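With compact mmCIF, C-alpha atoms inside, this is upload-v5.txt:
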```
# COMPACT_ATOMS: atom_id res chain seq x y z
CA MET A 1 -31.69 0.86 19.32
CA PRO A 2 -28.66 -0.55 21.21
CA GLN A 3 -25.47 -0.77 19.23
CA ARG A 4 -24.13 -4.17 18.23
CA ALA A 5 -20.39 -4.43 18.76
CA GLY A 6 -18.35 -4.32 15.59
CA THR A 7 -21.12 -3.02 13.28
CA PRO A 8 -21.60 0.43 11.66
CA GLN A 9 -24.02 2.96 13.11
CA VAL A 10 -27.18 4.21 11.44
CA GLY A 11 -26.21 6.96 9.03
CA GLN A 12 -22.56 5.92 9.08
CA THR A 13 -20.53 4.05 6.50
CA ALA A 14 -17.47 1.92 7.08
CA THR A 15 -14.98 4.12 5.30
CA ASP A 16 -11.21 4.20 5.58
CA GLU A 17 -11.53 7.06 8.08
CA GLN A 18 -13.95 5.32 10.47
CA PHE A 19 -12.70 2.70 12.87
CA ILE A 20 -15.05 -0.18 13.58
CA ARG A 21 -13.67 -2.75 15.97
CA ARG A 22 -14.38 -6.26 14.78
CA LEU A 23 -14.89 -9.23 17.04
CA PRO A 24 -12.18 -11.90 16.89
CA GLU A 25 -13.01 -15.08 15.02
CA ASN A 26 -13.08 -17.23 18.17
CA TRP A 27 -15.05 -14.77 20.31
CA LEU A 28 -18.02 -17.10 20.94
CA ARG A 29 -15.87 -19.98 22.15
CA THR A 30 -13.76 -17.72 24.37
CA ASP A 31 -16.74 -15.96 25.95
CA THR A 32 -18.59 -19.23 26.48
CA ILE A 33 -15.61 -20.68 28.33
CA LEU A 34 -15.43 -17.51 30.44
CA ALA A 35 -19.13 -17.78 31.32
CA ILE A 36 -18.73 -21.44 32.32
CA VAL A 37 -15.74 -20.65 34.54
CA VAL A 38 -17.55 -17.79 36.28
CA ALA A 39 -20.65 -19.95 36.78
CA PHE A 40 -18.54 -22.73 38.24
CA VAL A 41 -16.81 -20.35 40.65
CA SER A 42 -20.12 -18.86 41.75
CA VAL A 43 -21.56 -22.32 42.47
CA LEU A 44 -18.48 -23.25 44.51
CA SER A 45 -18.77 -19.96 46.40
CA LEU A 46 -22.41 -20.61 47.30
CA GLN A 47 -21.64 -24.17 48.34
CA ALA A 48 -18.88 -22.87 50.58
CA LEU A 49 -21.33 -20.42 52.18
CA ARG A 50 -23.63 -23.31 53.10
CA LEU A 51 -20.95 -24.52 55.48
CA THR A 52 -21.23 -21.29 57.43
CA ASP A 53 -24.03 -19.47 59.20
CA ILE A 54 -23.95 -16.49 56.86
CA ILE A 55 -26.76 -17.73 54.66
CA ASP A 56 -29.04 -18.25 57.64
CA ASP A 57 -28.15 -14.81 59.01
CA VAL A 58 -28.99 -12.93 55.81
CA GLY A 59 -31.88 -15.15 54.81
CA VAL A 60 -30.64 -16.09 51.34
CA ASN A 61 -32.60 -18.74 49.44
CA ILE A 62 -29.82 -21.02 48.22
CA VAL A 63 -31.81 -22.38 45.24
CA VAL A 64 -32.71 -18.90 44.00
CA ALA A 65 -29.12 -17.75 44.57
CA HIS A 66 -27.79 -20.63 42.43
CA ALA A 67 -30.27 -19.91 39.64
CA PHE A 68 -29.53 -16.21 39.70
CA SER A 69 -25.76 -16.76 39.66
CA LEU A 70 -26.02 -19.08 36.66
CA LEU A 71 -28.27 -16.57 34.87
CA ILE A 72 -25.86 -13.71 35.54
CA SER A 73 -22.88 -15.80 34.42
CA SER A 74 -24.63 -16.76 31.17
CA LEU A 75 -24.71 -13.09 30.16
CA LEU A 76 -20.96 -13.32 29.52
CA VAL A 77 -21.59 -15.50 26.43
CA LEU A 78 -22.80 -12.44 24.49
CA TYR A 79 -21.32 -9.59 26.49
CA ARG A 80 -18.99 -8.56 23.62
CA ARG A 81 -21.46 -9.29 20.81
CA PHE A 82 -24.27 -7.15 22.25
CA PRO A 83 -22.58 -5.02 24.93
CA VAL A 84 -25.31 -2.43 25.43
CA ILE A 85 -28.13 -4.97 25.52
CA ILE A 86 -26.29 -7.27 27.92
CA ALA A 87 -25.41 -4.35 30.20
CA THR A 88 -29.05 -3.25 30.26
CA VAL A 89 -30.27 -6.77 31.07
CA TYR A 90 -27.65 -7.09 33.80
CA THR A 91 -28.62 -3.77 35.40
CA THR A 92 -32.30 -4.68 35.33
CA LEU A 93 -31.66 -8.07 36.94
CA ILE A 94 -29.45 -6.58 39.63
CA VAL A 95 -32.01 -3.95 40.61
CA LEU A 96 -34.93 -6.42 40.70
CA VAL A 97 -33.42 -9.58 42.11
CA SER A 98 -31.01 -8.03 44.59
CA LEU A 99 -34.05 -6.82 46.57
CA GLN A 100 -34.46 -10.43 47.64
CA ALA A 101 -30.81 -10.62 48.69
CA SER A 102 -30.54 -13.86 46.67
CA VAL A 103 -27.18 -13.10 45.06
CA GLU A 104 -23.66 -14.41 44.99
CA PHE A 105 -21.50 -11.31 45.08
CA TYR A 106 -18.37 -12.56 43.28
CA SER A 107 -20.08 -13.43 40.02
CA VAL A 108 -22.28 -10.33 40.23
CA LEU A 109 -19.33 -7.98 40.64
CA PHE A 110 -17.26 -9.65 37.92
CA VAL A 111 -20.07 -9.72 35.34
CA GLY A 112 -20.95 -6.09 36.17
CA PHE A 113 -17.33 -5.09 35.64
CA MET A 114 -17.19 -6.88 32.28
CA THR A 115 -20.43 -5.30 31.01
CA ILE A 116 -19.18 -1.78 31.70
CA TYR A 117 -15.80 -2.73 30.21
CA ALA A 118 -17.39 -4.21 27.07
CA MET A 119 -19.38 -1.07 26.28
CA GLY A 120 -16.19 0.97 26.37
CA ALA A 121 -14.12 -1.58 24.46
CA TRP A 122 -16.48 -2.78 21.70
CA VAL A 123 -19.17 -0.19 20.89
CA SER A 124 -18.14 1.67 17.74
CA ASN A 125 -20.49 4.59 18.36
CA ARG A 126 -18.49 6.37 21.05
CA ARG A 127 -21.32 8.71 22.01
CA LEU A 128 -23.60 5.74 22.61
CA ALA A 129 -20.84 4.00 24.55
CA PHE A 130 -20.45 7.00 26.86
CA TRP A 131 -24.12 7.57 27.64
CA ALA A 132 -24.93 3.86 27.94
CA ARG A 133 -22.16 3.38 30.47
CA LEU A 134 -23.13 6.48 32.43
CA LEU A 135 -26.79 5.47 32.60
CA ASN A 136 -26.03 1.90 33.67
CA VAL A 137 -23.59 3.09 36.33
CA LEU A 138 -26.12 5.54 37.80
CA VAL A 139 -28.93 2.98 37.83
CA GLN A 140 -26.73 0.27 39.35
CA TYR A 141 -25.40 2.59 42.05
CA GLY A 142 -28.81 4.03 42.81
CA GLY A 143 -30.25 0.52 43.00
CA SER A 144 -27.55 -0.55 45.43
CA LEU A 145 -28.43 2.39 47.70
CA VAL A 146 -32.08 1.41 47.61
CA VAL A 147 -31.20 -2.17 48.55
CA ILE A 148 -29.06 -0.97 51.45
CA ALA A 149 -31.81 1.35 52.65
CA LEU A 150 -34.54 -1.28 52.47
CA SER A 151 -32.47 -4.06 53.99
CA SER A 152 -31.07 -2.10 56.93
CA ASP A 153 -32.66 -2.37 60.35
CA GLU A 154 -32.75 1.39 60.61
CA ALA A 155 -35.03 1.59 57.61
CA LEU A 156 -37.58 -0.57 59.36
CA VAL A 157 -37.91 1.39 62.56
CA GLY A 158 -41.02 3.36 63.21
CA ALA A 159 -41.36 7.08 63.26
CA GLU A 160 -41.24 7.06 67.03
CA THR A 161 -37.72 5.55 67.05
CA ALA A 162 -36.32 7.63 64.18
CA GLU A 163 -34.35 9.72 66.63
CA GLU A 164 -32.31 6.64 67.54
CA VAL A 165 -30.79 6.36 64.00
CA ASP A 166 -27.13 7.33 64.05
CA PRO A 167 -26.48 9.81 61.20
CA GLY A 168 -22.76 9.05 61.35
CA GLU A 169 -23.47 5.39 60.77
CA VAL A 170 -25.57 6.15 57.76
CA LEU A 171 -23.00 8.58 56.41
CA TYR A 172 -20.26 6.00 56.87
CA VAL A 173 -22.19 3.32 54.98
CA VAL A 174 -23.12 5.66 52.15
CA GLY A 175 -19.62 7.15 51.93
CA THR A 176 -17.89 3.78 51.94
CA THR A 177 -20.24 2.47 49.29
CA LEU A 178 -19.65 5.58 47.18
CA VAL A 179 -15.84 5.31 47.32
CA ILE A 180 -15.82 1.59 46.52
CA SER A 181 -18.34 2.06 43.72
CA ILE A 182 -16.39 4.94 42.17
CA GLY A 183 -13.21 2.85 42.14
CA TYR A 184 -15.05 -0.18 40.75
CA TYR A 185 -16.85 1.66 37.94
CA ALA A 186 -13.89 3.94 37.16
CA ALA A 187 -11.64 0.91 36.65
CA ALA A 188 -14.15 -0.76 34.32
CA TRP A 189 -14.61 2.50 32.42
CA TYR A 190 -10.87 3.16 32.15
CA PHE A 191 -9.85 -0.31 30.97
CA GLY A 192 -12.67 -0.45 28.43
CA THR A 193 -11.71 2.91 26.93
CA ARG A 194 -8.06 1.93 26.95
CA ALA A 195 -8.80 -1.32 25.10
CA TRP A 196 -10.73 0.65 22.45
CA ASN A 197 -7.94 3.20 22.01
CA ARG A 198 -5.26 0.54 21.72
CA ALA A 199 -7.29 -1.34 19.13
CA LYS A 200 -7.75 1.89 17.19
CA GLU A 201 -4.01 2.58 17.29
CA ARG A 202 -3.33 -0.89 15.92
CA TRP A 203 -5.86 -0.20 13.18
CA LYS A 204 -4.13 3.06 12.27
CA LEU A 205 -0.77 1.33 12.12
CA GLN A 206 -2.18 -1.43 9.95
CA LYS A 207 -3.86 1.13 7.71
CA ALA A 208 -0.58 3.04 7.32
CA HIS A 209 1.22 -0.22 6.61
CA ASP A 210 -1.34 -1.16 3.94
CA GLU A 211 -1.10 2.28 2.32
CA LEU A 212 2.69 2.07 2.32
CA ALA A 213 2.58 -1.41 0.84
CA ALA A 214 0.18 -0.22 -1.87
CA ALA A 215 2.43 2.76 -2.66
CA ASN A 216 5.47 0.50 -2.83
CA GLU A 217 3.58 -1.83 -5.13
CA LYS A 218 2.70 1.06 -7.45
CA ILE A 219 6.31 2.26 -7.44
CA ALA A 220 7.52 -1.26 -8.20
CA GLN A 221 5.04 -1.61 -11.04
CA ALA A 222 6.07 1.77 -12.45
CA ALA A 223 9.73 0.77 -12.22
CA VAL A 224 9.03 -2.51 -13.99
CA GLN A 225 7.08 -0.70 -16.69
CA GLU A 226 9.85 1.86 -17.12
CA GLU A 227 12.42 -0.92 -17.36
CA ARG A 228 10.31 -2.69 -19.95
CA LEU A 229 10.16 0.49 -22.03
CA HIS A 230 13.90 0.90 -21.61
CA ILE A 231 14.54 -2.67 -22.77
CA ALA A 232 12.14 -2.23 -25.67
CA ARG A 233 13.94 0.92 -26.79
CA GLU A 234 17.34 -0.75 -26.54
CA LEU A 235 16.20 -3.82 -28.46
CA HIS A 236 14.52 -1.70 -31.10
CA ASP A 237 17.59 0.45 -31.60
CA VAL A 238 20.04 -2.43 -31.71
CA ILE A 239 18.04 -4.86 -33.82
CA ALA A 240 16.52 -2.31 -36.20
CA HIS A 241 19.89 -0.73 -36.96
CA HIS A 242 21.96 -3.83 -37.47
CA VAL A 243 19.27 -5.85 -39.26
CA THR A 244 18.72 -2.93 -41.61
CA VAL A 245 22.47 -2.69 -42.26
CA MET A 246 22.63 -6.42 -42.97
CA GLY A 247 19.61 -6.20 -45.25
CA VAL A 248 21.13 -3.31 -47.24
CA HIS A 249 24.48 -5.05 -47.73
CA ALA A 250 22.84 -8.40 -48.48
CA SER A 251 20.80 -6.70 -51.18
CA ALA A 252 23.94 -5.05 -52.55
CA ALA A 253 25.79 -8.38 -52.58
CA ARG A 254 22.92 -10.03 -54.43
CA ARG A 255 22.92 -7.30 -57.07
CA LEU A 256 26.68 -7.59 -57.46
CA VAL A 257 26.39 -11.32 -57.96
CA GLU A 258 23.56 -10.88 -60.45
CA ALA A 259 25.59 -8.28 -62.33
CA GLY A 260 28.58 -10.61 -62.47
CA ARG A 261 30.87 -8.21 -60.64
CA ASP A 262 34.18 -9.34 -59.20
CA THR A 263 34.12 -11.32 -56.00
CA ALA A 264 36.07 -8.65 -54.09
CA ALA A 265 33.08 -6.32 -54.20
CA VAL A 266 30.77 -9.12 -53.10
CA VAL A 267 33.14 -10.09 -50.28
CA GLU A 268 33.22 -6.47 -49.09
CA GLN A 269 29.43 -6.44 -48.77
CA LEU A 270 29.49 -9.76 -46.98
CA GLU A 271 32.12 -8.40 -44.58
CA HIS A 272 29.77 -5.53 -43.78
CA ILE A 273 27.04 -8.07 -43.01
CA GLU A 274 29.40 -10.09 -40.85
CA SER A 275 30.56 -7.01 -38.97
CA ALA A 276 27.01 -5.75 -38.39
CA SER A 277 25.83 -9.13 -37.13
CA ALA A 278 28.83 -9.47 -34.78
CA GLN A 279 28.23 -6.00 -33.36
CA ALA A 280 24.52 -6.72 -32.92
CA VAL A 281 25.31 -9.89 -30.99
CA GLN A 282 27.87 -8.01 -28.89
CA GLU A 283 25.43 -5.23 -28.01
CA LEU A 284 22.70 -7.74 -27.16
CA GLN A 285 25.10 -9.62 -24.89
CA THR A 286 26.10 -6.38 -23.21
CA MET A 287 22.44 -5.53 -22.66
CA VAL A 288 21.70 -8.95 -21.19
CA TYR A 289 24.67 -8.76 -18.82
CA THR A 290 23.64 -5.28 -17.76
CA LEU A 291 20.07 -6.39 -17.03
CA ARG A 292 21.27 -9.45 -15.12
CA ASP A 293 23.74 -7.33 -13.18
CA GLN A 294 26.52 -9.85 -13.66
CA ASP A 295 30.23 -9.24 -13.40
CA GLY A 296 31.07 -11.56 -16.27
CA SER A 297 30.83 -8.84 -18.94
CA THR A 298 32.29 -5.40 -18.65
CA GLU A 299 31.54 -4.30 -22.22
CA PRO A 300 30.36 -0.68 -22.06
CA LEU A 301 27.21 0.52 -23.74
CA PRO A 302 27.72 2.50 -26.96
CA ASP A 303 28.92 6.11 -26.69
CA LEU A 304 29.98 8.94 -28.99
CA SER A 305 33.42 7.42 -29.53
CA GLN A 306 31.71 4.70 -31.59
CA LEU A 307 29.90 7.20 -33.80
CA PRO A 308 32.51 6.96 -36.64
CA GLU A 309 32.10 3.16 -36.71
CA LEU A 310 28.32 3.57 -36.81
CA VAL A 311 28.64 5.92 -39.79
CA ARG A 312 31.05 3.52 -41.52
CA GLN A 313 28.58 0.67 -41.16
CA ALA A 314 25.82 2.82 -42.61
CA GLU A 315 27.75 3.31 -45.86
CA SER A 316 26.34 1.46 -48.88
CA PRO A 317 26.49 1.70 -52.67
CA GLN A 318 23.09 3.40 -52.64
CA GLN A 319 23.74 5.84 -49.79
CA THR A 320 26.75 7.93 -48.86
CA VAL A 321 27.11 8.76 -45.18
CA ASN A 322 29.55 11.35 -43.82
CA LEU A 323 30.40 12.40 -40.29
CA GLU A 324 31.29 15.94 -39.28
CA ILE A 325 32.37 17.00 -35.77
CA VAL A 326 32.37 20.73 -35.04
CA GLY A 327 33.83 22.40 -31.96
CA GLU A 328 36.05 21.21 -29.15
CA PRO A 329 34.72 17.98 -27.59
CA VAL A 330 33.89 18.25 -23.90
CA PRO A 331 33.06 15.48 -21.44
CA VAL A 332 29.38 14.61 -21.20
CA SER A 333 27.51 12.07 -19.13
CA GLY A 334 27.14 8.47 -20.17
CA ALA A 335 23.38 8.90 -20.46
CA VAL A 336 23.80 11.76 -22.94
CA GLU A 337 26.35 9.81 -25.00
CA LEU A 338 24.13 6.74 -25.15
CA THR A 339 21.11 8.87 -26.05
CA LEU A 340 22.88 10.64 -28.93
CA TYR A 341 24.33 7.36 -30.21
CA ARG A 342 20.93 5.67 -30.19
CA VAL A 343 19.29 8.64 -31.90
CA ALA A 344 21.94 8.58 -34.65
CA GLN A 345 21.50 4.82 -34.94
CA GLU A 346 17.73 5.08 -35.28
CA ALA A 347 17.93 8.02 -37.72
CA LEU A 348 20.40 6.17 -39.99
CA SER A 349 18.19 3.09 -39.85
CA ASN A 350 15.22 5.19 -40.98
CA VAL A 351 17.29 6.70 -43.78
CA ARG A 352 18.16 3.25 -45.10
CA LYS A 353 14.54 2.13 -44.99
CA HIS A 354 12.79 5.24 -46.34
CA ALA A 355 15.14 7.61 -48.20
CA GLY A 356 15.71 5.47 -51.29
CA ASN A 357 18.84 5.24 -53.46
CA ASP A 358 21.45 7.83 -54.48
CA VAL A 359 21.14 9.62 -51.15
CA ASP A 360 23.70 11.72 -49.36
CA VAL A 361 23.51 11.64 -45.57
CA LEU A 362 25.33 13.97 -43.18
CA VAL A 363 25.76 13.14 -39.50
CA LYS A 364 26.91 16.28 -37.69
CA LEU A 365 27.97 16.54 -34.05
CA GLU A 366 28.44 20.12 -32.88
CA TYR A 367 29.79 21.22 -29.50
CA GLY A 368 28.47 24.70 -28.75
CA ASP A 369 28.88 27.00 -25.80
CA THR A 370 25.71 25.81 -24.08
CA ASP A 371 24.37 22.96 -26.22
CA LEU A 372 25.52 19.75 -27.77
CA THR A 373 23.74 19.23 -31.10
CA LEU A 374 23.47 16.07 -33.17
CA SER A 375 21.85 16.22 -36.58
CA VAL A 376 21.21 13.52 -39.17
CA VAL A 377 19.99 14.96 -42.47
CA ASP A 378 19.60 13.50 -45.96
CA ASP A 379 18.41 14.55 -49.41
CA GLY A 380 16.31 11.51 -50.17
CA LYS A 381 13.36 11.81 -52.56
CA ALA A 382 11.55 8.57 -51.80
CA TYR A 383 10.02 9.52 -48.44
CA GLU A 384 6.45 8.55 -47.74
CA PRO A 385 6.50 9.02 -43.98
CA LEU A 386 2.81 8.35 -43.50
CA CYS A 387 2.97 4.98 -45.24
CA HIS A 388 5.97 3.40 -43.62
CA GLY A 389 6.97 2.41 -40.14
CA THR A 390 5.09 2.12 -36.86
CA GLY A 391 6.30 5.31 -35.20
CA THR A 392 7.94 3.46 -32.32
CA GLY A 393 11.36 4.66 -33.47
CA ILE A 394 10.37 8.33 -33.21
CA GLN A 395 8.66 7.70 -29.90
CA GLY A 396 11.76 5.98 -28.56
CA MET A 397 13.94 8.91 -29.63
CA GLN A 398 11.59 11.37 -27.95
CA GLU A 399 11.62 9.43 -24.69
CA ARG A 400 15.41 9.18 -24.69
CA VAL A 401 15.93 12.85 -25.46
CA HIS A 402 13.41 14.06 -22.89
CA ALA A 403 15.09 11.89 -20.25
CA VAL A 404 18.27 14.02 -20.56
CA ASP A 405 16.34 17.32 -20.78
CA GLY A 406 17.01 17.68 -24.48
CA THR A 407 14.86 18.67 -27.43
CA LEU A 408 14.11 16.65 -30.55
CA GLU A 409 13.27 18.11 -33.92
CA TYR A 410 12.36 15.92 -36.88
CA GLY A 411 10.52 16.19 -40.16
CA PRO A 412 10.89 16.72 -43.89
CA ARG A 413 13.40 19.12 -45.42
CA THR A 414 12.93 21.51 -48.33
CA PRO A 415 12.86 20.53 -51.11
CA TYR A 416 13.73 16.90 -50.36
CA GLY A 417 14.94 14.76 -47.57
CA TRP A 418 14.48 14.30 -43.87
CA LYS A 419 16.08 15.72 -40.74
CA VAL A 420 16.54 14.62 -37.16
CA ILE A 421 18.09 17.20 -34.82
CA VAL A 422 18.80 16.73 -31.10
CA ARG A 423 19.97 19.46 -28.74
CA VAL A 424 21.14 18.66 -25.24
CA PRO A 425 22.17 21.38 -22.76
CA LEU A 426 25.80 20.96 -21.75
CA SER A 427 25.02 22.16 -18.23
CA ARG A 428 23.01 18.99 -17.70
CA ALA A 429 25.55 16.73 -19.34
CA GLU A 430 28.67 17.84 -17.54
```
Now, as a test, write the supplied structure out as structure tokens.
Amino acid sequence: MPQRAGTPQVGQTATDEQFIRRLPENWLRTDTILAIVVAFVSVLSLQALRLTDIIDDVGVNIVVAHAFSLLISSLLVLYRRFPVIIATVYTTLIVLVSLQASVEFYSVLFVGFMTIYAMGAWVSNRRLAFWARLLNVLVQYGGSLVVIALSSDEALVGAETAEEVDPGEVLYVVGTTLVISIGYYAAAWYFGTRAWNRAKERWKLQKAHDELAAANEKIAQAAVQEERLHIARELHDVIAHHVTVMGVHASAARRLVEAGRDTAAVVEQLEHIESASAQAVQELQTMVYTLRDQDGSTEPLPDLSQLPELVRQAESPQQTVNLEIVGEPVPVSGAVELTLYRVAQEALSNVRKHAGNDVDVLVKLEYGDTDLTLSVVDDGKAYEPLCHGTGTGIQGMQERVHAVDGTLEYGPRTPYGWKVIVRVPLSRAE
């Protein structure tokens, strides 16, 4: 069955790897206008011939010629929609009607050119496009030779005058017709194939553009998701730590007031609360300025130099927190310093929430030959790790540590307590 332009073949599917050229949205209007213009030109051409003696010499029926020209021109309305069918109809009409010599050559040649062109430019099945064009070209050319042979005076002579036919004349006519026909059909074939190839190249470029846009969209979504996780970790670390500190000292202040202790002890606890809240606000402001990429705030994110202050804030009447630094400090990257600070912050927050009272906590920072180790250990007896917390704190610590190629170890100690140990290779942090 002839192939409809812009539709898949039998046994084929329109996948990303198969190019199917689609008709433009305004194809019907454009092709109709083209058909009207060609029909108008053909009518004018025939009317101009009536002013000469050519029509009388060749014996053309002017009415039939007009009708045939209009019929041929009307084929252009659907020449892109059904290229193989229209080409077949055109070839059939040319072979049958041209025997009567009732044709207007300008419209015939133009429509013939466009039918061959359309099969090369719009048929998605390239094998069908090739053989359909070849068959139509051979039939059209063979039909033209038959017309020439039947319409020539030499073809009508009897057997007794056959010797008078000039072979050179015949060879000249056939040769000239062959050269002109080859140029005519070759041009239609070439431009049709070229139009198809250029459309396919545009399709490939558009496909590559779409794939690149999709990849960029995925990368952007991944970056947004990563940034959301980063913000969530920062907020969790800042808020959980400082709110826990404020809660511990507020509870201590309440107990001091209830016990009737001197106001100095109560004021000390309130100062801890005030300091923790001010630092929380400062860290949140720093985070906001960093996310907004403004120049108004140059406050740095926390680093290891603020570890003593973090330990001091973690002190409470119920828990004793000590800091120990072992080895000669060496420069490390800002990412490593922030990671270790946040891990210590989260670990101390967990100690305050889960370890109970009368707890000793040791925060130890050790500079080794190849590793930088931070450990937060306690001897608390009140741990019920499966009954408290959501696990987001541990997950956040793991993500931070893995981001700097470190290792995280956490879990209960023997006989009591809890440990959090982070090791970061110094080769990565330098």
Legend entry - Counting only C-alpha atoms, the option among A:Leu34, A:Ala199, A:Thr91, A:Arg400 closest to Val108 in chain A: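 Closest to Val108 in chain A, using only C-alpha atoms: A:Thr91.
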Legend entry - Interatomic distance (Å, one decimal) between CA of Arg127 in chain A and CA of Val179 in chain A: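 Spanning CA of Arg127 in chain A to CA of Val179 in chain A is a straight-line distance of 26.1 Å.
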Inset, instruction - Find, counting all atoms listed in the file, the residue in A:Gly192, A:Gly175, A:Gly356, A:Pro302 that gets nearest to Leu340 in chain A. - result: A:Pro302
Inset, instruction - Go ahead and find all residues with at least one atom no further than 10 Å from (-23.4, -10.8, 28.2) in the file's coordinates, using all atoms listed in the file; report them as a list in words. - result: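 So the residues meeting the distance criterion are Asp31, Thr32, Ala35, Ile72, Ser73, Ser74, Leu75, Leu76, Val77, Leu78, Tyr79, Arg80, Arg81, Phe82, Pro83, Val84, Ile85, Ile86, Ala87, Thr88, Val89, Tyr90, Val111, Gly112, Met114, Thr115 and Ala118 of chain A.
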Inset, instruction - Find the distance between CA of Thr339 in chain A and CA of Val424 in chain A and write it in Å to one decimal. - result: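 Between CA of Thr339 in chain A and CA of Val424 in chain A the gap works out to 9.8 Å.
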